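Structure file start14.txt (compact mmCIF, C-alpha atoms) is printed below.
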```txt
# COMPACT_ATOMS: atom_id res chain seq x y z
CA MET J 1 -91.79 5.41 15.32
CA ASN J 2 -93.21 3.72 18.40
CA LYS J 3 -93.10 0.13 17.16
CA LYS J 4 -91.41 -2.23 19.59
CA LEU J 5 -88.60 -4.12 17.90
CA HIS J 6 -86.69 -7.26 18.84
CA ILE J 7 -82.97 -6.43 19.04
CA LEU J 8 -80.37 -9.16 19.30
CA PHE J 9 -77.28 -8.02 21.21
CA ILE J 10 -74.17 -10.10 20.59
CA SER J 11 -70.89 -9.05 22.14
CA SER J 12 -67.25 -10.04 22.25
CA TRP J 13 -67.30 -8.87 25.88
CA TYR J 14 -70.09 -9.20 28.43
CA PRO J 15 -70.25 -9.75 32.20
CA SER J 16 -70.16 -13.43 33.18
CA SER J 17 -69.02 -15.56 36.08
CA VAL J 18 -65.64 -15.86 34.32
CA PHE J 19 -65.21 -12.10 33.78
CA PRO J 20 -67.76 -10.32 36.04
CA THR J 21 -67.08 -6.75 34.86
CA ASN J 22 -65.88 -7.39 31.30
CA GLY J 23 -68.09 -5.35 28.98
CA ASP J 24 -70.36 -3.97 31.70
CA PHE J 25 -70.74 -0.87 29.50
CA VAL J 26 -72.28 -3.13 26.81
CA GLN J 27 -74.74 -4.43 29.39
CA ARG J 28 -75.73 -0.83 30.19
CA HIS J 29 -76.37 -0.12 26.50
CA ALA J 30 -78.53 -3.26 26.28
CA GLU J 31 -80.51 -2.26 29.37
CA ALA J 32 -81.05 1.24 27.94
CA VAL J 33 -82.37 -0.17 24.65
CA ALA J 34 -84.60 -2.56 26.63
CA THR J 35 -86.58 0.41 27.96
CA LYS J 36 -88.05 0.77 24.45
CA HIS J 37 -87.59 -2.61 22.76
CA LYS J 38 -87.35 -6.32 23.43
CA VAL J 39 -83.65 -7.12 23.86
CA THR J 40 -82.05 -10.55 23.80
CA VAL J 41 -78.37 -10.84 24.71
CA ILE J 42 -76.29 -13.88 23.77
CA HIS J 43 -72.70 -14.19 24.89
CA VAL J 44 -70.36 -17.18 24.66
CA VAL J 45 -67.24 -17.46 26.82
CA THR J 46 -64.70 -20.19 27.53
CA ALA J 47 -64.42 -21.53 31.07
CA SER J 48 -61.93 -23.79 32.81
CA ASN J 49 -62.79 -27.21 34.21
CA LEU J 50 -65.64 -27.83 31.78
CA ASN J 51 -66.11 -31.06 29.86
CA SER J 52 -69.20 -29.85 28.05
CA SER J 53 -71.04 -26.59 27.45
CA LYS J 54 -73.24 -25.03 30.12
CA LYS J 55 -75.97 -22.46 29.61
CA PHE J 56 -77.15 -19.67 31.89
CA ASN J 57 -80.42 -17.95 31.05
CA GLU J 58 -82.10 -15.19 33.05
CA LYS J 59 -84.02 -11.97 32.55
CA ILE J 60 -81.80 -9.24 33.99
CA ASN J 61 -83.15 -5.67 34.13
CA ASN J 62 -85.64 -6.49 31.36
CA VAL J 63 -82.94 -8.04 29.14
CA GLU J 64 -83.27 -11.70 28.14
CA THR J 65 -79.72 -12.82 28.85
CA THR J 66 -78.13 -16.08 27.74
CA ILE J 67 -74.52 -16.84 28.66
CA ILE J 68 -73.02 -20.04 27.29
CA TYR J 69 -69.85 -21.43 28.85
CA ILE J 70 -67.83 -23.71 26.59
CA PRO J 71 -64.73 -25.80 27.40
CA LYS J 72 -61.34 -24.26 26.74
CA THR J 73 -59.22 -25.54 23.89
CA LYS J 74 -55.85 -24.56 22.46
CA ASN J 75 -57.07 -25.43 18.97
CA LYS J 76 -58.25 -22.12 17.44
CA ILE J 77 -60.31 -23.80 14.72
CA GLN J 78 -62.05 -26.01 17.25
CA LYS J 79 -62.72 -22.95 19.44
CA LEU J 80 -64.23 -21.05 16.50
CA ILE J 81 -66.49 -23.98 15.61
CA ARG J 82 -67.66 -24.31 19.23
CA PHE J 83 -68.44 -20.58 19.38
CA PHE J 84 -70.41 -20.63 16.13
CA LYS J 85 -72.41 -23.70 17.15
CA ALA J 86 -73.19 -22.22 20.56
CA TYR J 87 -74.43 -18.91 19.14
CA LEU J 88 -76.46 -20.43 16.33
CA SER J 89 -78.06 -23.02 18.60
CA ILE J 90 -79.59 -20.22 20.69
CA ILE J 91 -80.40 -17.86 17.81
CA LYS J 92 -82.49 -20.61 16.18
CA LYS J 93 -84.64 -20.87 19.31
CA ILE J 94 -85.43 -17.20 19.97
CA GLU J 95 -88.26 -15.15 18.48
CA PRO J 96 -87.63 -13.54 15.08
CA ILE J 97 -85.27 -10.59 15.38
CA ASP J 98 -85.43 -7.22 13.64
CA VAL J 99 -81.86 -5.94 13.98
CA VAL J 100 -78.57 -7.38 15.24
CA HIS J 101 -76.55 -5.09 17.51
CA VAL J 102 -72.88 -6.11 17.52
CA ASN J 103 -70.59 -4.96 20.32
CA ILE J 104 -66.80 -4.96 19.85
CA THR J 105 -66.38 -5.88 16.20
CA PHE J 106 -63.90 -8.74 16.33
CA PRO J 107 -64.55 -11.63 16.52
CA ILE J 108 -68.30 -11.52 17.28
CA GLY J 109 -69.02 -9.61 14.07
CA LEU J 110 -68.53 -12.87 12.19
CA ILE J 111 -71.84 -14.08 13.62
CA ALA J 112 -73.57 -10.92 12.41
CA LEU J 113 -71.95 -11.30 9.01
CA TYR J 114 -73.29 -14.86 8.77
CA LEU J 115 -76.78 -13.68 9.78
CA LYS J 116 -76.71 -10.96 7.14
CA TRP J 117 -75.40 -13.11 4.30
CA PHE J 118 -77.55 -16.17 4.98
CA HIS J 119 -80.59 -14.83 6.87
CA LYS J 120 -80.88 -11.23 5.55
CA LYS J 121 -80.55 -9.68 9.03
CA SER J 122 -78.94 -6.24 9.04
CA TYR J 123 -76.68 -5.11 11.87
CA LEU J 124 -74.97 -2.14 13.44
CA VAL J 125 -71.76 -2.19 15.46
CA SER J 126 -70.99 -0.45 18.75
CA GLU J 127 -67.23 -0.16 19.27
CA HIS J 128 -65.42 0.44 22.57
CA TRP J 129 -62.02 -1.19 22.04
CA SER J 130 -58.93 0.94 22.71
CA GLY J 131 -56.94 -1.53 20.62
CA TYR J 132 -57.69 0.60 17.56
CA LEU J 133 -55.90 3.58 19.08
CA TYR J 134 -52.37 4.26 17.86
CA PRO J 135 -49.89 2.75 18.73
CA ASN J 136 -52.00 -0.10 20.18
CA ASN J 137 -53.25 -0.97 16.69
CA LYS J 138 -49.75 -2.08 15.68
CA SER J 139 -50.44 -5.37 17.43
CA ILE J 140 -53.48 -6.16 15.26
CA GLY J 141 -52.57 -8.91 12.82
CA ILE J 142 -53.31 -8.77 9.10
CA THR J 143 -55.94 -11.53 9.24
CA GLN J 144 -57.86 -9.80 12.03
CA LYS J 145 -57.66 -6.48 10.19
CA ILE J 146 -59.02 -7.97 6.95
CA ILE J 147 -61.91 -9.69 8.76
CA THR J 148 -62.69 -6.51 10.71
CA LYS J 149 -62.77 -4.48 7.48
CA ILE J 150 -65.30 -6.91 5.95
CA ILE J 151 -67.50 -6.87 9.07
CA LEU J 152 -67.56 -3.06 9.25
CA LYS J 153 -68.08 -2.63 5.50
CA ASN J 154 -71.25 -4.72 5.77
CA ALA J 155 -72.56 -2.93 8.88
CA SER J 156 -75.42 -0.47 8.39
CA PHE J 157 -73.89 1.82 11.02
CA ILE J 158 -70.70 1.87 13.09
CA CYS J 159 -71.17 3.49 16.50
CA PRO J 160 -67.88 4.16 18.31
CA VAL J 161 -68.30 5.74 21.74
CA SER J 162 -66.36 8.86 20.69
CA ALA J 163 -65.37 10.82 17.60
CA ASN J 164 -61.76 10.20 18.59
CA LEU J 165 -62.25 6.44 18.27
CA LYS J 166 -64.01 6.99 14.94
CA ASN J 167 -61.03 8.97 13.62
CA GLU J 168 -58.54 6.37 14.87
CA MET J 169 -60.50 3.58 13.19
CA LEU J 170 -60.65 5.51 9.92
CA SER J 171 -56.91 6.22 10.10
CA PHE J 172 -56.39 2.50 10.54
CA GLY J 173 -58.25 1.90 7.29
CA LEU J 174 -61.59 0.75 8.71
CA LYS J 175 -64.14 2.43 6.45
CA GLY J 176 -67.88 2.53 7.01
CA ASN J 177 -70.94 4.56 7.97
CA TYR J 178 -69.91 6.09 11.32
CA VAL J 179 -72.35 7.53 13.86
CA PRO J 180 -70.73 7.93 17.31
CA VAL J 181 -72.98 7.07 20.27
CA PRO J 182 -71.49 7.55 23.75
CA ASN J 183 -71.80 5.36 26.82
CA VAL J 184 -74.90 5.50 28.99
CA VAL J 185 -75.40 6.59 32.62
CA ASP J 186 -78.29 5.53 34.84
CA THR J 187 -79.02 8.92 36.42
CA SER J 188 -81.60 7.35 38.74
CA GLN J 189 -78.62 5.81 40.55
CA PHE J 190 -75.91 8.34 39.78
CA ASN J 191 -77.07 11.73 41.04
CA PRO J 192 -75.79 14.47 43.37
CA LEU J 193 -75.78 14.29 47.15
CA GLU J 194 -75.14 17.33 49.32
CA ILE J 195 -72.33 16.47 51.72
CA ASN J 196 -71.65 18.32 54.96
CA SER J 197 -68.29 16.85 55.89
CA ASP J 198 -64.76 18.19 56.30
CA GLU J 199 -63.33 14.90 55.00
CA PHE J 200 -61.69 15.23 51.58
CA ILE J 201 -62.48 11.97 49.81
CA ILE J 202 -60.64 11.10 46.59
CA THR J 203 -61.88 8.10 44.63
CA HIS J 204 -60.44 6.03 41.82
CA ILE J 205 -62.44 3.22 40.20
CA SER J 206 -61.15 0.97 37.42
CA GLY J 207 -60.23 -2.54 36.37
CA MET J 208 -56.82 -2.01 38.03
CA ASP J 209 -54.71 -2.72 34.95
CA ASN J 210 -51.62 -0.76 35.90
CA SER J 211 -50.31 -0.57 32.31
CA ILE J 212 -53.49 1.25 31.28
CA LYS J 213 -54.73 3.01 34.42
CA ASN J 214 -51.31 3.91 35.92
CA ILE J 215 -52.32 3.05 39.48
CA ASP J 216 -48.68 3.42 40.55
CA GLY J 217 -48.75 7.07 39.48
CA ILE J 218 -51.93 7.68 41.46
CA LEU J 219 -50.49 6.07 44.58
CA ASN J 220 -47.27 8.06 44.27
CA THR J 221 -49.32 11.25 44.18
CA ILE J 222 -51.55 10.28 47.10
CA SER J 223 -48.46 9.53 49.20
CA LYS J 224 -47.16 13.06 48.53
CA ILE J 225 -50.35 15.01 49.21
CA GLN J 226 -51.54 13.17 52.33
CA THR J 227 -49.49 15.55 54.50
CA LYS J 228 -50.97 18.58 52.69
CA ILE J 229 -54.65 17.69 53.04
CA PRO J 230 -55.99 17.07 56.55
CA LYS J 231 -58.65 14.38 56.79
CA LEU J 232 -57.76 12.96 53.38
CA ILE J 233 -59.39 9.63 52.53
CA PHE J 234 -58.56 7.73 49.36
CA ASN J 235 -60.82 5.03 47.86
CA LEU J 236 -59.13 2.56 45.51
CA ILE J 237 -61.98 0.54 44.02
CA GLY J 238 -61.88 -2.28 41.49
CA GLY J 239 -61.21 -5.94 40.85
CA ASN J 240 -57.80 -7.11 42.08
CA SER J 241 -57.16 -3.84 43.93
CA ASN J 242 -55.58 -5.96 46.68
CA LYS J 243 -52.52 -6.50 44.49
CA PHE J 244 -51.44 -2.94 45.31
CA ILE J 245 -51.42 -3.43 49.10
CA ASN J 246 -47.65 -3.97 49.32
CA ARG J 247 -47.00 -0.82 47.31
CA ILE J 248 -49.41 1.10 49.53
CA LYS J 249 -47.48 -0.11 52.58
CA ASN J 250 -44.14 0.83 51.02
CA LEU J 251 -45.42 4.33 50.25
CA LYS J 252 -46.83 4.58 53.80
CA ILE J 253 -50.23 5.72 52.57
CA GLU J 254 -52.71 6.15 55.40
CA ASN J 255 -56.50 6.47 55.41
CA ILE J 256 -56.99 4.39 52.30
CA ASN J 257 -59.87 2.05 51.52
CA VAL J 258 -58.86 -0.80 49.22
CA ILE J 259 -62.13 -2.15 47.87
CA ASN J 260 -62.60 -5.04 45.47
CA GLN J 261 -65.24 -5.26 42.75
CA ILE J 262 -68.60 -3.89 43.91
CA PRO J 263 -72.08 -3.55 42.32
CA ASN J 264 -72.90 -0.42 40.37
CA LEU J 265 -75.22 0.92 43.06
CA GLU J 266 -72.37 0.83 45.58
CA VAL J 267 -70.12 2.57 43.04
CA ALA J 268 -72.69 5.37 42.94
CA ASN J 269 -72.69 5.66 46.73
CA TYR J 270 -68.89 5.99 46.88
CA LEU J 271 -68.87 8.60 44.10
CA LYS J 272 -71.58 10.67 45.78
CA GLN J 273 -69.48 10.90 48.95
CA SER J 274 -66.36 11.97 47.04
CA LYS J 275 -64.90 15.44 46.56
CA VAL J 276 -63.03 14.41 43.41
CA PHE J 277 -62.68 11.41 41.09
CA ILE J 278 -59.31 10.78 39.44
CA LEU J 279 -58.40 8.76 36.36
CA PHE J 280 -54.70 8.78 35.42
CA SER J 281 -54.80 6.49 32.39
CA ASN J 282 -52.19 6.18 29.67
CA TYR J 283 -54.98 5.67 27.11
CA GLU J 284 -58.79 5.43 27.12
CA ASN J 285 -61.85 5.77 24.92
CA LEU J 286 -64.77 7.19 26.92
CA PRO J 287 -64.85 5.72 30.45
CA CYS J 288 -68.32 5.33 31.93
CA VAL J 289 -67.06 6.27 35.38
CA ILE J 290 -66.17 9.81 34.29
CA LEU J 291 -69.73 10.32 33.03
CA GLU J 292 -71.08 8.77 36.24
CA SER J 293 -68.97 11.18 38.29
CA PHE J 294 -70.45 14.11 36.39
CA ALA J 295 -73.93 12.75 37.10
CA CYS J 296 -73.05 12.70 40.81
CA GLY J 297 -71.86 16.30 40.62
CA VAL J 298 -68.30 15.22 41.42
CA PRO J 299 -65.43 16.99 39.61
CA VAL J 300 -63.00 14.82 37.67
CA ILE J 301 -59.24 14.95 37.17
CA SER J 302 -58.34 12.88 34.13
CA THR J 303 -55.60 12.51 31.60
CA ASN J 304 -56.43 14.10 28.26
CA VAL J 305 -56.52 10.88 26.22
CA GLY J 306 -58.94 9.23 23.79
CA GLY J 307 -62.37 10.79 23.53
CA ILE J 308 -62.51 12.16 27.08
CA SER J 309 -62.08 15.81 26.09
CA GLU J 310 -65.11 15.59 23.75
CA TYR J 311 -67.38 15.25 26.78
CA PHE J 312 -65.56 17.35 29.38
CA PRO J 313 -67.14 20.81 29.80
CA PRO J 314 -65.27 23.71 31.45
CA ASN J 315 -65.35 23.76 35.26
CA PHE J 316 -66.16 20.04 35.46
CA GLY J 317 -62.59 19.28 36.52
CA TYR J 318 -59.10 19.25 35.02
CA LEU J 319 -57.53 17.49 32.05
CA ILE J 320 -53.81 16.76 32.39
CA GLU J 321 -51.16 14.92 30.43
CA PRO J 322 -50.47 11.19 30.99
CA LYS J 323 -47.78 10.33 33.58
CA ASP J 324 -47.62 13.95 34.84
CA GLU J 325 -47.79 13.30 38.58
CA GLU J 326 -46.96 16.93 39.38
CA ALA J 327 -50.00 18.10 37.39
CA LEU J 328 -52.16 15.51 39.15
CA GLU J 329 -51.01 16.77 42.55
CA LYS J 330 -51.57 20.42 41.63
CA SER J 331 -55.06 19.69 40.28
CA ILE J 332 -56.08 17.83 43.45
CA LEU J 333 -54.85 20.73 45.60
CA LYS J 334 -56.75 23.24 43.43
CA ILE J 335 -59.99 21.40 44.10
CA TYR J 336 -59.14 21.07 47.79
CA ASN J 337 -58.54 24.83 47.94
CA ASN J 338 -61.88 25.54 46.20
CA GLU J 339 -60.24 27.02 43.11
CA LEU J 340 -62.57 25.05 40.81
CA LYS J 341 -65.99 26.67 40.66
CA TYR J 342 -68.33 23.84 39.74
CA ASN J 343 -72.07 23.37 40.01
CA LYS J 344 -73.41 19.93 40.96
CA LYS J 345 -76.82 20.51 39.39
CA LEU J 346 -75.29 21.72 36.12
CA MET J 347 -73.06 18.61 36.00
CA TYR J 348 -76.01 16.30 36.64
CA ASN J 349 -78.11 17.98 33.94
CA TYR J 350 -75.26 17.64 31.45
CA ALA J 351 -74.99 13.90 32.17
CA GLU J 352 -78.76 13.43 31.97
CA ASN J 353 -79.06 15.33 28.67
CA ASN J 354 -76.13 13.62 26.95
CA PHE J 355 -75.78 10.13 28.45
CA GLY J 356 -79.12 9.44 30.14
CA ILE J 357 -80.97 6.22 29.41
CA ASN J 358 -83.68 7.93 27.33
CA ILE J 359 -81.12 9.85 25.26
CA ILE J 360 -79.00 6.81 24.39
CA SER J 361 -81.98 4.52 23.77
CA ASP J 362 -83.40 7.17 21.41
CA HIS J 363 -80.08 7.35 19.53
CA PHE J 364 -80.09 3.62 18.92
CA SER J 365 -83.84 3.46 18.16
CA LYS J 366 -83.47 5.99 15.36
CA LEU J 367 -80.66 3.94 13.87
CA TYR J 368 -82.62 0.68 14.13
CA PHE J 369 -85.59 2.18 12.30
CA LYS J 370 -83.32 3.69 9.63
CA ILE J 371 -81.88 0.23 9.06
CA LEU J 372 -85.36 -1.25 8.62
CA THR J 373 -86.64 1.49 6.29
CA THR J 374 -83.70 1.81 3.90
```
Written form, structure tokens:
Amino acid sequence: MNKKLHILFISSWYPSSVFPTNGDFVQRHAEAVATKHKVTVIHVVTASNLNSSKKFNEKINNVETTIIYIPKTKNKIQKLIRFFKAYLSIIKKIEPIDVVHVNITFPIGLIALYLKWFHKKSYLVSEHWSGYLYPNNKSIGITQKIITKIILKNASFICPVSANLKNEMLSFGLKGNYVPVPNVVDTSQFNPLEINSDEFIITHISGMDNSIKNIDGILNTISKIQTKIPKLIFNLIGGNSNKFINRIKNLKIENINVINQIPNLEVANYLKQSKVFILFSNYENLPCVILESFACGVPVISTNVGGISEYFPPNFGYLIEPKDEEALEKSILKIYNNELKYNKKLMYNYAENNFGINIISDHFSKLYFKILTT
């Protein structure tokens, strides 16, 4: 069907001035859908030093985006009331919507549940949260679990970004109609570049949460291999990357670029110049940056966690076990010594055909129309 729908995106996470990169993968999904439909995004977030709510509204990459900043409060009931009022005040003012697209079930799914029960608006849920992975899910309280079950039971479709996340959610007792839809890659930005340079550039990009991304393990490995690889350059890119400067000095790592948060286009430029991208996480779902590396024709060394192996073809890099610094070092040296026979064009085509904007927007469009016709 070619009918243009109005899709309301609501998300527990979304980029804002408070958290600039939080939920940027949700923003990319919204922008992909906006190539075929009208998309309105509403996101509410608490902010310090506010006495009253403030609203930001702008059309960003064809997405009507409203961010509402509300004052912080320690009273959970008061916070919930403020959130509900903020969302509903905007929803009442926008054009009639066809489908609600929830991102990260709890707590934003409560808004979708209200819209379904009182305004007959159906919804689907995209899920990205690694909190459902065992043993992380042990920290989910009984109240949150019960509410999440109700939200998902009433969703027309549940779209985790990987089959692994689907299975973990089912094991946790979250039943529903699951249809995994992966993250999206803008292949007009992320694409191969032929490099004629003897520099061996290794890049890591993340949110720099050491407990998840194991930055310490990466730095330990870089410190060991820098004497084995002439003209080695390491890019450490992400918000708060400066907090690792003292450790870098203690490890005597040379030729390192410590780069704070940068726009997506600059991320693409750094990846294109790289010989390998590394992700040494203790747990993940399906990181966008791995898919973006593939689109750039850059091999990836990653830990074999979450749903990564589902979208990791042979000769695209190496999958290793978490915390295995020796395996990380060996894999880097294999790529340096040209032992990995990879094809940049093949990697780009794989990314385009599985995570490209048209592919992902088609996935969601089919689900939206199914919702409206059943």
Distance criterion (all atoms listed in the file): nearest to J:Leu219 out of J:Ile253, J:Leu8, J:Ile142, J:Ile290 = J:Ile253
Kindly give the distance, in Å, that separates atom CA of J:Ile158 and atom CA of J:Ile94, rounded to a single decimal.
->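 Taking atom CA of J:Ile158 as the start and atom CA of J:Ile94 as the end point, the length is 25.1 Å.
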Which residues, written as number ranges by chain, have at least one atom at most 9 Å from J:Pro313, with only C-alpha atoms counted and residues fewer than 4 positions away on the same chain left out?
-> J: 309, 317, 347, 350
Restricting the calculation to all atoms listed in the file, which member of J:Asp186, J:Glu292, J:Asp362, J:Glu325 is positioned closest to J:Ile225?
->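 The closest residue to J:Ile225 is J:Glu325.
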Could you give me, as a short mmCIF file (atom, residue, chain, number, x, y, z; two decimals) with C-alpha atoms, in the frame of the given file, the residues that have an atom at most 12 Å away from the point (-69.6, 3.7, 5.8) in the coordinates of the file, using all atoms listed in the file?
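This is the output file part_23.cif:
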```
data_model
loop_
_atom_site.label_atom_id
_atom_site.label_comp_id
_atom_site.auth_asym_id
_atom_site.auth_seq_id
_atom_site.Cartn_x
_atom_site.Cartn_y
_atom_site.Cartn_z
CA LEU J 124 -74.97 -2.14 13.44
CA VAL J 125 -71.76 -2.19 15.46
CA LYS J 149 -62.77 -4.48 7.48
CA ILE J 150 -65.30 -6.91 5.95
CA ILE J 151 -67.50 -6.87 9.07
CA LEU J 152 -67.56 -3.06 9.25
CA LYS J 153 -68.08 -2.63 5.50
CA ASN J 154 -71.25 -4.72 5.77
CA ALA J 155 -72.56 -2.93 8.88
CA SER J 156 -75.42 -0.47 8.39
CA PHE J 157 -73.89 1.82 11.02
CA ILE J 158 -70.70 1.87 13.09
CA CYS J 159 -71.17 3.49 16.50
CA LYS J 166 -64.01 6.99 14.94
CA MET J 169 -60.50 3.58 13.19
CA LEU J 170 -60.65 5.51 9.92
CA GLY J 173 -58.25 1.90 7.29
CA LEU J 174 -61.59 0.75 8.71
CA LYS J 175 -64.14 2.43 6.45
CA GLY J 176 -67.88 2.53 7.01
CA ASN J 177 -70.94 4.56 7.97
CA TYR J 178 -69.91 6.09 11.32
CA VAL J 179 -72.35 7.53 13.86
#
```
Might you pull out every residue within 7 Å of J:Val45, with only C-alpha atoms counted and same-chain residues fewer than 4 positions away left off, and present them as a VMD selection string?
-> chain J and resid 68 to 70
Can you find the residues with an atom no farther than 10 Å from (-56.3, 8.7, 36.4), counting only C-alpha atoms, and report them as a list in words?
->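 In the file's frame, the residues around the point are Thr203, His204, Ile205, Ser206, Ile212, Lys213, Asn214, Ile215, Gly217, Ile218, Phe277, Ile278, Leu279, Phe280, Ser281, Asn282, Tyr283, Val300, Ile301, Ser302, Thr303, Asn304, Leu319, Ile320, Pro322, Lys323, Glu325 and Leu328 of chain J.
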Nearest-residue call for J:Glu329, choices J:Thr374, J:Thr221, J:Asn235, J:Asn246, using only C-alpha atoms = J:Thr221
Hey, which of J:Thr148, J:Asn257, J:Ser197, J:Asn358 ends up closest to J:Lys231? Count only C-alpha atoms.
->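 Counting only C-alpha atoms, the residue closest to J:Lys231 is J:Ser197.
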Between J:Asn136, J:Ser293, J:Ser11, J:Ser162, single out the one closest to J:Val267, counting only C-alpha atoms.
-> J:Ser293
Which residues are close to J:Pro96, i.e. within 12 Å by only C-alpha atoms, leaving aside same-chain residues fewer than 5 positions away? Reply as a PDB file with C-alpha atoms, in the frame of the given file.
```pdb
ATOM      1  CA  LEU J   5     -88.600  -4.120  17.900  1.00  0.00           C
ATOM      2  CA  HIS J   6     -86.690  -7.260  18.840  1.00  0.00           C
ATOM      3  CA  ILE J   7     -82.970  -6.430  19.040  1.00  0.00           C
ATOM      4  CA  LEU J   8     -80.370  -9.160  19.300  1.00  0.00           C
ATOM      5  CA  LYS J  38     -87.350  -6.320  23.430  1.00  0.00           C
ATOM      6  CA  VAL J  39     -83.650  -7.120  23.860  1.00  0.00           C
ATOM      7  CA  THR J  40     -82.050 -10.550  23.800  1.00  0.00           C
ATOM      8  CA  ILE J  90     -79.590 -20.220  20.690  1.00  0.00           C
ATOM      9  CA  ILE J  91     -80.400 -17.860  17.810  1.00  0.00           C
ATOM     10  CA  HIS J 119     -80.590 -14.830   6.870  1.00  0.00           C
ATOM     11  CA  LYS J 120     -80.880 -11.230   5.550  1.00  0.00           C
ATOM     12  CA  LYS J 121     -80.550  -9.680   9.030  1.00  0.00           C
TER      13      LYS J 121
END
```
N, CA and C atoms are what I want for stretch 70-87 of chain J; can you complete it accordingly and write them as a CSV table (one decimal), in the coordinates of the input?
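Final output, saved to selection.csv:
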```csv
chain,number,residue,atom,x,y,z
J,70,ILE,N,-68.3,-22.6,27.4
J,70,ILE,CA,-67.8,-23.7,26.6
J,70,ILE,C,-66.4,-24.1,27.1
J,71,PRO,N,-66.1,-25.4,26.9
J,71,PRO,CA,-64.7,-25.8,27.4
J,71,PRO,C,-63.6,-25.1,26.7
J,72,LYS,N,-62.5,-24.9,27.4
J,72,LYS,CA,-61.3,-24.3,26.7
J,72,LYS,C,-60.6,-25.3,25.8
J,73,THR,N,-60.0,-24.7,24.8
J,73,THR,CA,-59.2,-25.5,23.9
J,73,THR,C,-58.1,-24.7,23.3
J,74,LYS,N,-57.0,-25.3,23.1
J,74,LYS,CA,-55.8,-24.6,22.5
J,74,LYS,C,-56.0,-24.5,20.9
J,75,ASN,N,-56.9,-25.4,20.4
J,75,ASN,CA,-57.1,-25.4,19.0
J,75,ASN,C,-58.0,-24.3,18.5
J,76,LYS,N,-57.5,-23.3,17.8
J,76,LYS,CA,-58.2,-22.1,17.4
J,76,LYS,C,-59.4,-22.5,16.5
J,77,ILE,N,-59.2,-23.4,15.6
J,77,ILE,CA,-60.3,-23.8,14.7
J,77,ILE,C,-61.4,-24.5,15.5
J,78,GLN,N,-61.0,-25.3,16.4
J,78,GLN,CA,-62.0,-26.0,17.2
J,78,GLN,C,-62.8,-25.0,18.1
J,79,LYS,N,-62.1,-24.0,18.6
J,79,LYS,CA,-62.7,-23.0,19.4
J,79,LYS,C,-63.7,-22.2,18.6
J,80,LEU,N,-63.3,-21.8,17.4
J,80,LEU,CA,-64.2,-21.0,16.5
J,80,LEU,C,-65.5,-21.8,16.2
J,81,ILE,N,-65.3,-23.1,15.9
J,81,ILE,CA,-66.5,-24.0,15.6
J,81,ILE,C,-67.4,-24.1,16.8
J,82,ARG,N,-66.8,-24.2,18.0
J,82,ARG,CA,-67.7,-24.3,19.2
J,82,ARG,C,-68.5,-23.0,19.5
J,83,PHE,N,-67.8,-21.9,19.2
J,83,PHE,CA,-68.4,-20.6,19.4
J,83,PHE,C,-69.6,-20.5,18.4
J,84,PHE,N,-69.4,-20.8,17.1
J,84,PHE,CA,-70.4,-20.6,16.1
J,84,PHE,C,-71.6,-21.5,16.5
J,85,LYS,N,-71.3,-22.8,16.8
J,85,LYS,CA,-72.4,-23.7,17.2
J,85,LYS,C,-73.2,-23.2,18.3
J,86,ALA,N,-72.5,-22.7,19.3
J,86,ALA,CA,-73.2,-22.2,20.6
J,86,ALA,C,-74.1,-21.0,20.2
J,87,TYR,N,-73.6,-20.1,19.5
J,87,TYR,CA,-74.4,-18.9,19.1
J,87,TYR,C,-75.6,-19.3,18.3
```
